[in-house]
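Structure below is target.cif: mmCIF, C-alpha atoms and all ligand atoms.
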data_coords
loop_
_atom_site.group_PDB
_atom_site.id
_atom_site.type_symbol
_atom_site.label_atom_id
_atom_site.label_comp_id
_atom_site.auth_asym_id
_atom_site.auth_seq_id
_atom_site.Cartn_x
_atom_site.Cartn_y
_atom_site.Cartn_z
ATOM 1 C CA MET A 1 -101.897 -97.136 16.009
ATOM 2 C CA MET A 2 -101.346 -94.189 13.678
ATOM 3 C CA LEU A 3 -100.634 -91.873 16.622
ATOM 4 C CA VAL A 4 -97.918 -94.108 18.018
ATOM 5 C CA TYR A 5 -96.281 -94.226 14.598
ATOM 6 C CA PHE A 6 -96.094 -90.436 14.360
ATOM 7 C CA ALA A 7 -94.740 -90.168 17.869
ATOM 8 C CA VAL A 8 -91.851 -92.488 17.005
ATOM 9 C CA ILE A 9 -90.994 -90.440 13.907
ATOM 10 C CA ALA A 10 -91.033 -87.231 15.925
ATOM 11 C CA LEU A 11 -88.689 -88.698 18.525
ATOM 12 C CA ALA A 12 -86.277 -89.938 15.904
ATOM 13 C CA THR A 13 -86.147 -86.472 14.362
ATOM 14 C CA VAL A 14 -85.356 -84.793 17.661
ATOM 15 C CA HIS A 15 -82.610 -87.318 18.234
ATOM 16 C CA ALA A 16 -80.995 -86.649 14.854
ATOM 17 C CA VAL A 17 -81.035 -82.897 15.464
ATOM 18 C CA GLU A 18 -79.173 -83.406 18.715
ATOM 19 C CA GLU A 19 -76.367 -85.318 17.033
ATOM 20 C CA LYS A 20 -75.998 -82.759 14.289
ATOM 21 C CA CYS A 21 -73.056 -80.499 14.964
ATOM 22 C CA ASP A 22 -71.143 -77.601 13.562
ATOM 23 C CA GLY A 23 -68.256 -78.628 11.359
ATOM 24 C CA VAL A 24 -66.900 -79.336 7.892
ATOM 25 C CA THR A 25 -65.801 -82.251 5.744
ATOM 26 C CA ILE A 26 -62.054 -82.443 5.161
ATOM 27 C CA ASN A 27 -60.732 -85.225 2.931
ATOM 28 C CA GLY A 28 -64.157 -86.825 3.113
ATOM 29 C CA LEU A 29 -64.066 -87.009 6.924
ATOM 30 C CA MET A 30 -66.244 -85.122 9.403
ATOM 31 C CA HIS A 31 -64.452 -82.498 11.453
ATOM 32 C CA THR A 32 -66.157 -80.668 14.311
ATOM 33 C CA LYS A 33 -65.586 -76.998 14.814
ATOM 34 C CA GLU A 34 -64.246 -75.493 18.015
ATOM 35 C CA VAL A 35 -63.631 -71.774 18.468
ATOM 36 C CA LEU A 36 -60.365 -71.335 20.380
ATOM 37 C CA LYS A 37 -60.152 -67.545 20.501
ATOM 38 C CA THR A 38 -62.528 -64.788 19.483
ATOM 39 C CA ASN A 39 -62.175 -61.007 19.203
ATOM 40 C CA LEU A 40 -59.220 -60.993 16.838
ATOM 41 C CA ASP A 41 -59.153 -58.931 13.687
ATOM 42 C CA SER A 42 -57.702 -60.947 10.765
ATOM 43 C CA PRO A 43 -55.564 -63.584 12.515
ATOM 44 C CA TYR A 44 -52.660 -64.081 10.079
ATOM 45 C CA GLN A 45 -49.348 -65.935 9.603
ATOM 46 C CA PHE A 46 -49.815 -69.059 11.679
ATOM 47 C CA SER A 47 -46.985 -71.260 12.876
ATOM 48 C CA ILE A 48 -47.056 -73.976 15.503
ATOM 49 C CA ASP A 49 -44.255 -74.741 17.929
ATOM 50 C CA TYR A 50 -44.906 -78.497 18.136
ATOM 51 C CA THR A 51 -42.670 -78.936 21.191
ATOM 52 C CA THR A 52 -44.704 -76.640 23.425
ATOM 53 C CA ASN A 53 -47.960 -76.970 21.446
ATOM 54 C CA THR A 54 -48.186 -73.228 20.970
ATOM 55 C CA LEU A 55 -49.628 -71.358 18.008
ATOM 56 C CA PHE A 56 -47.888 -68.119 17.022
ATOM 57 C CA PHE A 57 -49.722 -65.641 14.828
ATOM 58 C CA SER A 58 -50.366 -61.965 14.281
ATOM 59 C CA TYR A 59 -53.523 -59.901 13.994
ATOM 60 C CA SER A 60 -54.507 -56.401 12.984
ATOM 61 C CA THR A 61 -54.757 -53.794 15.711
ATOM 62 C CA HIS A 62 -56.443 -50.459 15.658
ATOM 63 C CA ILE A 63 -53.917 -48.756 17.865
ATOM 64 C CA LYS A 64 -52.345 -45.551 16.662
ATOM 65 C CA ASP A 65 -48.837 -46.074 15.208
ATOM 66 C CA GLN A 66 -49.163 -49.848 15.230
ATOM 67 C CA ARG A 67 -50.867 -51.997 12.626
ATOM 68 C CA PHE A 68 -50.016 -55.543 13.714
ATOM 69 C CA GLN A 69 -49.569 -57.444 16.943
ATOM 70 C CA LEU A 70 -47.789 -60.772 17.446
ATOM 71 C CA ALA A 71 -49.490 -63.167 19.835
ATOM 72 C CA TYR A 72 -49.536 -66.809 20.870
ATOM 73 C CA LEU A 73 -52.087 -69.313 22.019
ATOM 74 C CA ASN A 74 -51.460 -72.434 24.068
ATOM 75 C CA LEU A 75 -53.311 -75.123 22.095
ATOM 76 C CA GLU A 76 -54.078 -77.191 25.214
ATOM 77 C CA SER A 77 -54.988 -74.620 27.868
ATOM 78 C CA LYS A 78 -56.094 -72.036 25.258
ATOM 79 C CA GLU A 79 -54.244 -69.371 27.209
ATOM 80 C CA PHE A 80 -53.717 -66.333 25.013
ATOM 81 C CA ASN A 81 -50.836 -63.857 25.288
ATOM 82 C CA ILE A 82 -49.450 -61.039 23.226
ATOM 83 C CA VAL A 83 -45.746 -60.616 22.539
ATOM 84 C CA SER A 84 -44.956 -57.361 24.239
ATOM 85 C CA GLY A 85 -41.816 -55.529 23.280
ATOM 86 C CA ILE A 86 -42.129 -56.005 19.523
ATOM 87 C CA LYS A 87 -43.868 -53.302 17.573
ATOM 88 C CA ASP A 88 -45.634 -54.180 14.324
ATOM 89 C CA GLY A 89 -44.692 -57.820 14.596
ATOM 90 C CA PHE A 90 -46.116 -59.870 11.785
ATOM 91 C CA ALA A 91 -44.189 -63.056 11.035
ATOM 92 C CA SER A 92 -43.195 -66.190 12.938
ATOM 93 C CA ALA A 93 -41.284 -69.401 12.245
ATOM 94 C CA VAL A 94 -40.165 -72.325 14.355
ATOM 95 C CA ASP A 95 -36.996 -74.405 14.192
ATOM 96 C CA GLN A 96 -38.749 -77.595 15.334
ATOM 97 C CA ASP A 97 -35.513 -79.576 15.828
ATOM 98 C CA ASN A 98 -34.131 -77.120 18.342
ATOM 99 C CA GLY A 99 -37.420 -75.714 19.661
ATOM 100 C CA LYS A 100 -36.443 -72.184 18.691
ATOM 101 C CA VAL A 101 -39.074 -69.568 17.894
ATOM 102 C CA TYR A 102 -38.297 -66.691 15.529
ATOM 103 C CA LEU A 103 -40.417 -63.595 15.152
ATOM 104 C CA GLY A 104 -40.275 -60.975 12.434
ATOM 105 C CA ALA A 105 -41.332 -57.367 12.632
ATOM 106 C CA LYS A 106 -41.031 -53.961 11.063
ATOM 107 C CA GLY A 107 -37.264 -53.738 11.287
ATOM 108 C CA GLY A 108 -35.811 -56.951 12.597
ATOM 109 C CA VAL A 109 -35.585 -60.641 13.339
ATOM 110 C CA TYR A 110 -36.129 -61.706 16.947
ATOM 111 C CA SER A 111 -35.847 -64.899 18.928
ATOM 112 C CA PHE A 112 -38.560 -65.555 21.459
ATOM 113 C CA ASN A 113 -38.290 -67.387 24.750
ATOM 114 C CA LEU A 114 -41.641 -68.810 25.780
ATOM 115 C CA LYS A 115 -40.571 -69.383 29.393
ATOM 116 C CA THR A 116 -39.390 -65.843 30.085
ATOM 117 C CA LYS A 117 -41.809 -64.364 27.491
ATOM 118 C CA GLU A 118 -38.898 -62.267 26.236
ATOM 119 C CA ALA A 119 -38.060 -61.312 22.680
ATOM 120 C CA ASN A 120 -34.435 -60.708 21.723
ATOM 121 C CA LEU A 121 -33.342 -58.782 18.654
ATOM 122 C CA LEU A 122 -31.066 -61.043 16.559
ATOM 123 C CA GLY A 123 -30.549 -58.615 13.719
ATOM 124 C CA SER A 124 -31.990 -55.443 12.262
ATOM 125 C CA THR A 125 -33.371 -55.469 8.745
ATOM 126 C CA SER A 126 -33.791 -52.565 6.381
ATOM 127 C CA GLN A 127 -37.265 -53.712 5.314
ATOM 128 C CA ASN A 128 -40.471 -54.907 6.982
ATOM 129 C CA ILE A 129 -40.625 -58.652 7.411
ATOM 130 C CA TRP A 130 -43.788 -60.136 5.947
ATOM 131 C CA GLN A 131 -43.470 -63.890 6.416
ATOM 132 C CA MET A 132 -40.887 -66.355 7.715
ATOM 133 C CA PHE A 133 -40.193 -70.050 7.133
ATOM 134 C CA TYR A 134 -37.644 -72.293 8.803
ATOM 135 C CA LYS A 135 -35.913 -75.106 6.901
ATOM 136 C CA ASP A 136 -32.294 -75.704 7.951
ATOM 137 C CA GLY A 137 -32.139 -71.959 8.455
ATOM 138 C CA LEU A 138 -34.421 -68.977 8.534
ATOM 139 C CA TYR A 139 -35.967 -67.590 5.358
ATOM 140 C CA TYR A 140 -38.063 -64.450 5.249
ATOM 141 C CA SER A 141 -39.856 -62.254 2.756
ATOM 142 C CA THR A 142 -40.144 -58.484 2.891
ATOM 143 C CA TYR A 143 -42.796 -55.890 2.317
ATOM 144 C CA PRO A 144 -43.373 -53.904 0.134
ATOM 145 C CA LYS A 145 -40.440 -55.018 -2.041
ATOM 146 C CA GLU A 146 -41.361 -58.737 -1.866
ATOM 147 C CA GLU A 147 -37.783 -59.971 -1.695
ATOM 148 C CA VAL A 148 -36.631 -63.206 -0.069
ATOM 149 C CA TYR A 149 -33.697 -63.380 2.348
ATOM 150 C CA PHE A 150 -31.828 -66.057 4.266
ATOM 151 C CA PHE A 151 -30.834 -65.074 7.794
ATOM 152 C CA LYS A 152 -27.891 -66.557 9.622
ATOM 153 C CA ASP A 153 -25.795 -65.363 12.567
ATOM 154 C CA GLY A 154 -27.215 -61.869 12.431
ATOM 155 C CA VAL A 155 -26.473 -61.525 8.714
ATOM 156 C CA TYR A 156 -29.055 -61.558 5.946
ATOM 157 C CA ASN A 157 -28.554 -62.240 2.249
ATOM 158 C CA ARG A 158 -30.891 -62.362 -0.742
ATOM 159 C CA VAL A 159 -31.852 -65.894 -1.742
ATOM 160 C CA GLU A 160 -30.074 -66.178 -5.108
ATOM 161 C CA GLU A 161 -32.691 -68.432 -6.690
ATOM 162 C CA LEU A 162 -35.417 -65.826 -6.189
ATOM 163 C CA LYS A 163 -33.410 -62.727 -7.035
ATOM 164 C CA ASP A 164 -35.366 -62.049 -10.202
ATOM 165 C CA THR A 165 -38.861 -62.469 -8.835
ATOM 166 C CA ARG A 166 -41.257 -61.006 -6.320
ATOM 167 C CA ALA A 167 -42.289 -63.336 -3.489
ATOM 168 C CA MET A 168 -44.551 -62.583 -0.553
ATOM 169 C CA LEU A 169 -44.875 -66.043 0.977
ATOM 170 C CA ILE A 170 -42.267 -68.777 0.917
ATOM 171 C CA ALA A 171 -41.927 -72.409 1.975
ATOM 172 C CA LEU A 172 -39.440 -75.202 1.290
ATOM 173 C CA ASP A 173 -40.050 -78.940 0.987
ATOM 174 C CA ASP A 174 -37.754 -81.707 2.241
ATOM 175 C CA ASN A 175 -35.794 -81.604 -1.023
ATOM 176 C CA LYS A 176 -35.260 -77.848 -0.657
ATOM 177 C CA ASN A 177 -37.436 -76.927 -3.621
ATOM 178 C CA ILE A 178 -38.789 -73.444 -2.964
ATOM 179 C CA TYR A 179 -42.505 -72.613 -3.135
ATOM 180 C CA PHE A 180 -43.439 -68.962 -3.307
ATOM 181 C CA SER A 181 -46.423 -66.783 -3.999
ATOM 182 C CA ASN A 182 -46.917 -63.263 -5.256
ATOM 183 C CA SER A 183 -49.934 -61.384 -6.573
ATOM 184 C CA SER A 184 -49.874 -63.485 -9.783
ATOM 185 C CA GLY A 185 -50.132 -66.892 -8.094
ATOM 186 C CA LEU A 186 -48.245 -69.791 -6.545
ATOM 187 C CA TYR A 187 -44.941 -71.045 -7.970
ATOM 188 C CA LYS A 188 -42.341 -73.708 -7.390
ATOM 189 C CA TYR A 189 -38.638 -73.314 -7.939
ATOM 190 C CA ASN A 190 -37.308 -76.770 -8.850
ATOM 191 C CA LYS A 191 -33.872 -77.048 -7.291
ATOM 192 C CA SER A 192 -32.554 -79.670 -9.720
ATOM 193 C CA ASN A 193 -33.412 -78.025 -13.026
ATOM 194 C CA LYS A 194 -33.617 -74.442 -11.676
ATOM 195 C CA GLU A 195 -36.958 -73.899 -13.383
ATOM 196 C CA ILE A 196 -39.946 -72.014 -12.026
ATOM 197 C CA LEU A 197 -43.225 -73.861 -12.413
ATOM 198 C CA THR A 198 -46.690 -72.335 -11.983
ATOM 199 C CA LEU A 199 -48.733 -74.346 -9.465
ATOM 200 C CA GLY A 200 -51.828 -72.169 -9.395
ATOM 201 C CA VAL A 201 -53.256 -68.725 -9.843
ATOM 202 C CA ASP A 202 -54.957 -68.604 -6.448
ATOM 203 C CA VAL A 203 -54.550 -65.618 -4.170
ATOM 204 C CA VAL A 204 -52.352 -67.045 -1.425
ATOM 205 C CA ASN A 205 -52.467 -65.381 1.982
ATOM 206 C CA GLY A 206 -50.827 -67.980 4.195
ATOM 207 C CA MET A 207 -48.351 -70.816 3.727
ATOM 208 C CA ASN A 208 -46.585 -73.235 6.055
ATOM 209 C CA SER A 209 -45.774 -76.870 6.766
ATOM 210 C CA ASP A 210 -47.178 -79.494 9.106
ATOM 211 C CA ALA A 211 -45.097 -81.508 11.597
ATOM 212 C CA ASN A 212 -44.020 -83.849 8.769
ATOM 213 C CA GLY A 213 -42.853 -81.132 6.393
ATOM 214 C CA LYS A 214 -45.917 -81.335 4.131
ATOM 215 C CA LEU A 215 -46.881 -77.926 2.762
ATOM 216 C CA TYR A 216 -50.211 -76.144 3.018
ATOM 217 C CA PHE A 217 -51.521 -72.783 1.954
ATOM 218 C CA THR A 218 -54.639 -70.710 2.382
ATOM 219 C CA SER A 219 -56.524 -68.494 0.010
ATOM 220 C CA PRO A 220 -59.387 -66.267 1.213
ATOM 221 C CA ASN A 221 -61.848 -69.073 0.380
ATOM 222 C CA GLY A 222 -60.169 -72.202 1.626
ATOM 223 C CA ILE A 223 -57.280 -74.362 2.734
ATOM 224 C CA PHE A 224 -55.139 -76.347 0.284
ATOM 225 C CA ARG A 225 -52.389 -78.946 0.370
ATOM 226 C CA ILE A 226 -49.457 -78.922 -2.029
ATOM 227 C CA ASN A 227 -48.525 -82.286 -3.523
ATOM 228 C CA ASP A 228 -44.770 -81.877 -3.987
ATOM 229 C CA LYS A 229 -44.438 -85.088 -6.055
ATOM 230 C CA LEU A 230 -47.177 -84.378 -8.598
ATOM 231 C CA ASN A 231 -46.855 -80.572 -8.418
ATOM 232 C CA THR A 232 -50.581 -80.227 -7.864
ATOM 233 C CA ILE A 233 -52.699 -78.450 -5.293
ATOM 234 C CA GLU A 234 -55.557 -80.158 -3.482
ATOM 235 C CA ARG A 235 -58.375 -78.296 -1.797
ATOM 236 C CA LEU A 236 -58.975 -79.560 1.748
ATOM 237 C CA VAL A 237 -61.916 -77.365 2.621
ATOM 238 C CA THR A 238 -63.927 -74.399 1.403
ATOM 239 C CA LEU A 239 -64.399 -71.656 4.001
ATOM 240 C CA GLU A 240 -65.143 -67.972 3.953
ATOM 241 C CA ASN A 241 -62.595 -65.300 4.847
ATOM 242 C CA VAL A 242 -59.608 -67.450 5.759
ATOM 243 C CA TYR A 243 -56.474 -65.524 6.733
ATOM 244 C CA GLY A 244 -54.133 -68.355 7.674
ATOM 245 C CA ALA A 245 -53.971 -71.983 8.760
ATOM 246 C CA ALA A 246 -51.772 -74.557 10.438
ATOM 247 C CA ILE A 247 -52.001 -78.295 10.994
ATOM 248 C CA GLU A 248 -51.731 -79.725 14.493
ATOM 249 C CA LYS A 249 -49.789 -82.888 15.320
ATOM 250 C CA ASP A 250 -52.981 -84.996 15.347
ATOM 251 C CA GLY A 251 -54.018 -83.600 11.954
ATOM 252 C CA SER A 252 -56.547 -81.092 13.286
ATOM 253 C CA VAL A 253 -56.753 -77.975 11.165
ATOM 254 C CA LEU A 254 -56.403 -74.562 12.801
ATOM 255 C CA CYS A 255 -57.485 -71.533 10.883
ATOM 256 C CA GLY A 256 -57.895 -67.818 11.282
ATOM 257 C CA THR A 257 -61.216 -66.429 10.077
ATOM 258 C CA ASP A 258 -63.508 -63.505 10.901
ATOM 259 C CA GLU A 259 -64.706 -65.565 13.865
ATOM 260 C CA GLY A 260 -61.214 -65.804 15.369
ATOM 261 C CA ILE A 261 -59.068 -68.896 15.702
ATOM 262 C CA ILE A 262 -60.929 -72.085 14.875
ATOM 263 C CA ARG A 263 -59.998 -75.749 15.243
ATOM 264 C CA PHE A 264 -61.459 -78.464 13.007
ATOM 265 C CA LYS A 265 -60.957 -81.830 14.646
ATOM 266 C CA LYS A 266 -61.746 -85.232 13.155
ATOM 267 C CA SER A 267 -64.866 -86.758 14.656
ATOM 268 C CA ASP A 268 -66.894 -89.867 13.940
ATOM 269 C CA LYS A 269 -69.704 -88.987 16.337
ATOM 270 C CA CYS A 270 -70.973 -86.107 14.362
ATOM 271 C CA ASN A 271 -73.430 -85.500 11.521
ATOM 272 C CA LEU A 272 -73.198 -82.325 9.517
HETATM 273 C C1 LIG B 301 -44.661 -63.726 -9.658
HETATM 274 O O1 LIG B 301 -43.659 -64.713 -9.882
HETATM 275 C C2 LIG B 301 -43.637 -65.242 -11.200
HETATM 276 C C3 LIG B 301 -42.606 -66.350 -11.220
HETATM 277 O O2 LIG B 301 -41.343 -65.859 -10.866
HETATM 278 C C4 LIG B 301 -43.370 -64.147 -12.192
HETATM 279 O O3 LIG B 301 -43.428 -64.652 -13.478
HETATM 280 C C5 LIG B 301 -44.424 -63.039 -12.012
HETATM 281 O O4 LIG B 301 -44.105 -61.956 -12.855
HETATM 282 C C6 LIG B 301 -44.459 -62.566 -10.572
HETATM 283 N N1 LIG B 301 -45.533 -61.592 -10.404
HETATM 284 C C7 LIG B 301 -45.312 -60.313 -10.098
HETATM 285 C C8 LIG B 301 -46.512 -59.449 -9.915
HETATM 286 O O5 LIG B 301 -44.186 -59.857 -9.969
HETATM 287 C C1 LIG B 302 -37.398 -81.169 -11.019
HETATM 288 O O1 LIG B 302 -36.667 -81.250 -12.203
HETATM 289 C C2 LIG B 302 -36.097 -82.535 -12.449
HETATM 290 C C3 LIG B 302 -35.185 -82.416 -13.662
HETATM 291 O O2 LIG B 302 -35.906 -81.934 -14.787
HETATM 292 C C4 LIG B 302 -37.239 -83.521 -12.645
HETATM 293 O O3 LIG B 302 -36.712 -84.824 -12.881
HETATM 294 C C5 LIG B 302 -38.065 -83.560 -11.390
HETATM 295 O O4 LIG B 302 -39.184 -84.379 -11.581
HETATM 296 C C6 LIG B 302 -38.534 -82.175 -10.998
HETATM 297 N N1 LIG B 302 -39.084 -82.277 -9.669
HETATM 298 C C7 LIG B 302 -40.257 -81.812 -9.319
HETATM 299 C C8 LIG B 302 -40.720 -82.229 -7.973
HETATM 300 O O5 LIG B 302 -40.920 -81.072 -10.025
#
If you convert what's in this file into structure tokens, what do you get?
Ligand SMILES: *[C@@H]1O[C@H](CO)[C@@H](O)[C@H](O)[C@H]1NC(C)=O
Ligand SMILES: *[C@@H]1O[C@H](CO)[C@@H](O)[C@H](O)[C@H]1NC(C)=O
Amino acid sequence: MMLVYFAVIALATVHAVEEKCDGVTINGLMHTKEVLKTNLDSPYQFSIDYTTNTLFFSYSTHIKDQRFQLAYLNLESKEFNIVSGIKDGFASAVDQDNGKVYLGAKGGVYSFNLKTKEANLLGSTSQNIWQMFYKDGLYYSTYPKEEVYFFKDGVYNRVEELKDTRAMLIALDDNKNIYFSNSSGLYKYNKSNKEILTLGVDVVNGMNSDANGKLYFTSPNGIFRINDKLNTIERLVTLENVYGAAIEKDGSVLCGTDEGIIRFKKSDKCNL
């Protein structure tokens, strides 16, 4: 009798172990982890082209005379490609309404055609482009000066509202309030009263929006959501060595870590 009892317990334990899987809790829900691409050093500056379901990003290279490489990953087939023809490419942004992809590099803004795999120089810039964000036009920040520009028809101009401040990462919400980060923290420029509000003192290394215009950012230890109504930041998940993140159409979270490019997908079949 006793023996049978122990055998049942042992079986149940084995069963539980099998259902246990690798993942994290995001917003109180289980998300399983899938590694989409390995062998990438510091995958940075994520942006998704939701029309073609393609992730654009950059990573560090160890090639002489080149520090960064722009690349893209098909989120269905997982096919990986590099953008050839752009040296030291770092930034990307997508005009989702028109399906246009913009890339930023050492000395210029490019458009990118996914079908022909060709990059076209739209305009030269005097500074390195660090990050880009598209909201009714293309915004970009520069390095090392940390200035923000608006690019249109081959011409770039400083964004007036941010003329007196450094900004490394930028994003705009649906009301055109401007969110920006520098080495002191994360800030919001309120368009209606023209005031700059401090949202947090986190080190921000990536910032972008999901398909609905909601804003997210990463710090080296996690992924956060910005609540544009309450002006608060909400931690979605704690992770180690995060370089960037993006949210897929179905809500799955993509992030760049030391492991490569990871997807966290909602799952109800899984125990952590
Ligand atoms: C970052 O931006 C804020 C808000 O504009 C500003 O007060 C702060 O001095 C900036 N930090 C640096 C290092 O320039
Ligand atoms: C921006 O400023 C206006 C005017 O002071 C205020 O009513 C509004 O709540 C602010 N918006 C945000 C999102 O901070």
Per residue of chain A within 9 Å of ligand LIG 301 (chain B), what are the shortest atom pair and its distance in Å to one decimal, counting only C-alpha atoms and all ligand atoms, with rows by chain and residue number, as a tab-separated table?
residue	atom	partner	partner_atom	distance
A:Glu146	CA	B:LIG301	O5	8.7
A:Leu162	CA	B:LIG301	O2	7.5
A:Asp164	CA	B:LIG301	O2	7.1
A:Thr165	CA	B:LIG301	O2	4.7
A:Arg166	CA	B:LIG301	O5	4.8
A:Ala167	CA	B:LIG301	C1	6.6
A:Phe180	CA	B:LIG301	O1	7.8
A:Ser181	CA	B:LIG301	C1	6.7
A:Asn182	CA	B:LIG301	C1	5.0
A:Ser183	CA	B:LIG301	C8	5.2
A:Ser184	CA	B:LIG301	N1	4.8
A:Gly185	CA	B:LIG301	C1	6.5
A:Leu186	CA	B:LIG301	O1	7.6
A:Tyr187	CA	B:LIG301	C3	6.2
A:Lys188	CA	B:LIG301	C3	8.3
A:Tyr189	CA	B:LIG301	O2	8.5
A:Ile196	CA	B:LIG301	C3	6.3
A:Leu197	CA	B:LIG301	C3	7.6
A:Thr198	CA	B:LIG301	C3	7.3
Convert the current residue selection to file output with C-alpha atoms, as a short mmCIF file (atom, residue, chain, number, x, y, z; two decimals), in the coordinates of the input.
data_model
loop_
_atom_site.label_atom_id
_atom_site.label_comp_id
_atom_site.auth_asym_id
_atom_site.auth_seq_id
_atom_site.Cartn_x
_atom_site.Cartn_y
_atom_site.Cartn_z
CA GLU A 146 -41.36 -58.74 -1.87
CA LEU A 162 -35.42 -65.83 -6.19
CA ASP A 164 -35.37 -62.05 -10.20
CA THR A 165 -38.86 -62.47 -8.84
CA ARG A 166 -41.26 -61.01 -6.32
CA ALA A 167 -42.29 -63.34 -3.49
CA PHE A 180 -43.44 -68.96 -3.31
CA SER A 181 -46.42 -66.78 -4.00
CA ASN A 182 -46.92 -63.26 -5.26
CA SER A 183 -49.93 -61.38 -6.57
CA SER A 184 -49.87 -63.48 -9.78
CA GLY A 185 -50.13 -66.89 -8.09
CA LEU A 186 -48.24 -69.79 -6.54
CA TYR A 187 -44.94 -71.04 -7.97
CA LYS A 188 -42.34 -73.71 -7.39
CA TYR A 189 -38.64 -73.31 -7.94
CA ILE A 196 -39.95 -72.01 -12.03
CA LEU A 197 -43.22 -73.86 -12.41
CA THR A 198 -46.69 -72.33 -11.98
#
key: Computed interatomic separation between CA of Lys229 in chain A and CA of Lys100 in chain A (Å)   =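 Computing it gives 29.0 Å between the two atoms.
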key: CA of Ser209 in chain A to CA of Thr238 in chain A, straight-line distance in Å   = 19.1 Å
remark   = Counting all atoms listed in the file, closest pick from A:Leu172, A:Ile247, A:Met30, A:Val148 relative to ligand LIG 302 (chain B) is A:Leu172
Given the file shown, determine the residues that the PyMOL selection byres (((chain A and resi 249-263) around 6) and not hetatm) selects; report them as an mmCIF file with C-alpha atoms, in the frame of the given file.
data_model
loop_
_atom_site.group_PDB
_atom_site.id
_atom_site.type_symbol
_atom_site.label_atom_id
_atom_site.label_comp_id
_atom_site.auth_asym_id
_atom_site.auth_seq_id
_atom_site.Cartn_x
_atom_site.Cartn_y
_atom_site.Cartn_z
ATOM 1 C CA LYS A 33 -65.586 -76.998 14.814
ATOM 2 C CA GLU A 34 -64.246 -75.493 18.015
ATOM 3 C CA VAL A 35 -63.631 -71.774 18.468
ATOM 4 C CA LEU A 36 -60.365 -71.335 20.380
ATOM 5 C CA LYS A 37 -60.152 -67.545 20.501
ATOM 6 C CA THR A 38 -62.528 -64.788 19.483
ATOM 7 C CA LEU A 40 -59.220 -60.993 16.838
ATOM 8 C CA PRO A 43 -55.564 -63.584 12.515
ATOM 9 C CA ASN A 241 -62.595 -65.300 4.847
ATOM 10 C CA VAL A 242 -59.608 -67.450 5.759
ATOM 11 C CA TYR A 243 -56.474 -65.524 6.733
ATOM 12 C CA GLY A 244 -54.133 -68.355 7.674
ATOM 13 C CA ALA A 245 -53.971 -71.983 8.760
ATOM 14 C CA ALA A 246 -51.772 -74.557 10.438
ATOM 15 C CA ILE A 247 -52.001 -78.295 10.994
ATOM 16 C CA GLU A 248 -51.731 -79.725 14.493
ATOM 17 C CA PHE A 264 -61.459 -78.464 13.007
ATOM 18 C CA LYS A 265 -60.957 -81.830 14.646
#
query = For this file, the PyMOL selection byres (((chain A and resi 235) around 12) and not hetatm) selects which residues, as JSON, numbers by chain?
reply = {"A": [25, 26, 27, 28, 200, 202, 216, 217, 218, 219, 221, 222, 223, 224, 225, 226, 227, 232, 233, 234, 236, 237, 238, 239]}
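Evaluated against this file, the PyMOL selection byres (((chain A and resi 54-67) around 8) and not hetatm) yields Leu40, Asp41, Ser42, Pro43, Tyr44, Gln45, Phe46, Ser47, Ile48, Asp49, Tyr50, Thr51, Thr52, Asn53, Phe68, Gln69, Leu70, Ala71, Tyr72, Leu73, Asn74, Leu75, Lys87, Asp88, Gly89, Phe90, Ala91 and Ser92 of chain A.
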inquiry  = Can you tell me which residues surround Asn190 in chain A at a distance of at most 7 Å, considering only C-alpha atoms, apart from same-chain residues fewer than 5 positions away, and format the answer as a PyMOL selection string?
reply    = chain A and resi 177-178+195-196
request  = Could you give me the residues within 7 Å of ligand LIG 302 (chain B), counting all atoms listed in the file, as a PyMOL selection string?
outcome  = chain A and resi 190-193+228-231
ask   = Between CA of Glu147 in chain A and CA of Met132 in chain A, what is the distance, to one decimal in Å?
value =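 Separating CA of Glu147 in chain A from CA of Met132 in chain A is a distance of 11.8 Å.
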task = Choose the residue, out of A:Asn212, A:Asn205, A:Ser141, A:Ser267, that has the smallest atom-to-atom separation from Asp97 in chain A; count all atoms listed in the file.
result =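 Once distances to Asp97 in chain A are computed over all atoms listed in the file, the minimum belongs to A:Asn212.
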key: Close residues, Phe151 in chain A itself excluded, 10 Å, all atoms listed in the file, min 6 positions apart in chain, as a list in words   =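 Here the qualifying residues turn out to be Val109, Leu122, Gly123, Thr125, Tyr134, Gly137, Leu138, Tyr139, Tyr140, Asn157, Arg158 and Val159 of chain A.
Compared by their closest atoms to Ile86 in chain A, and using all atoms listed in the file, the residues A:Ala119, A:Ile129, A:Cys270, A:Ile170 rank with A:Ala119 nearest.
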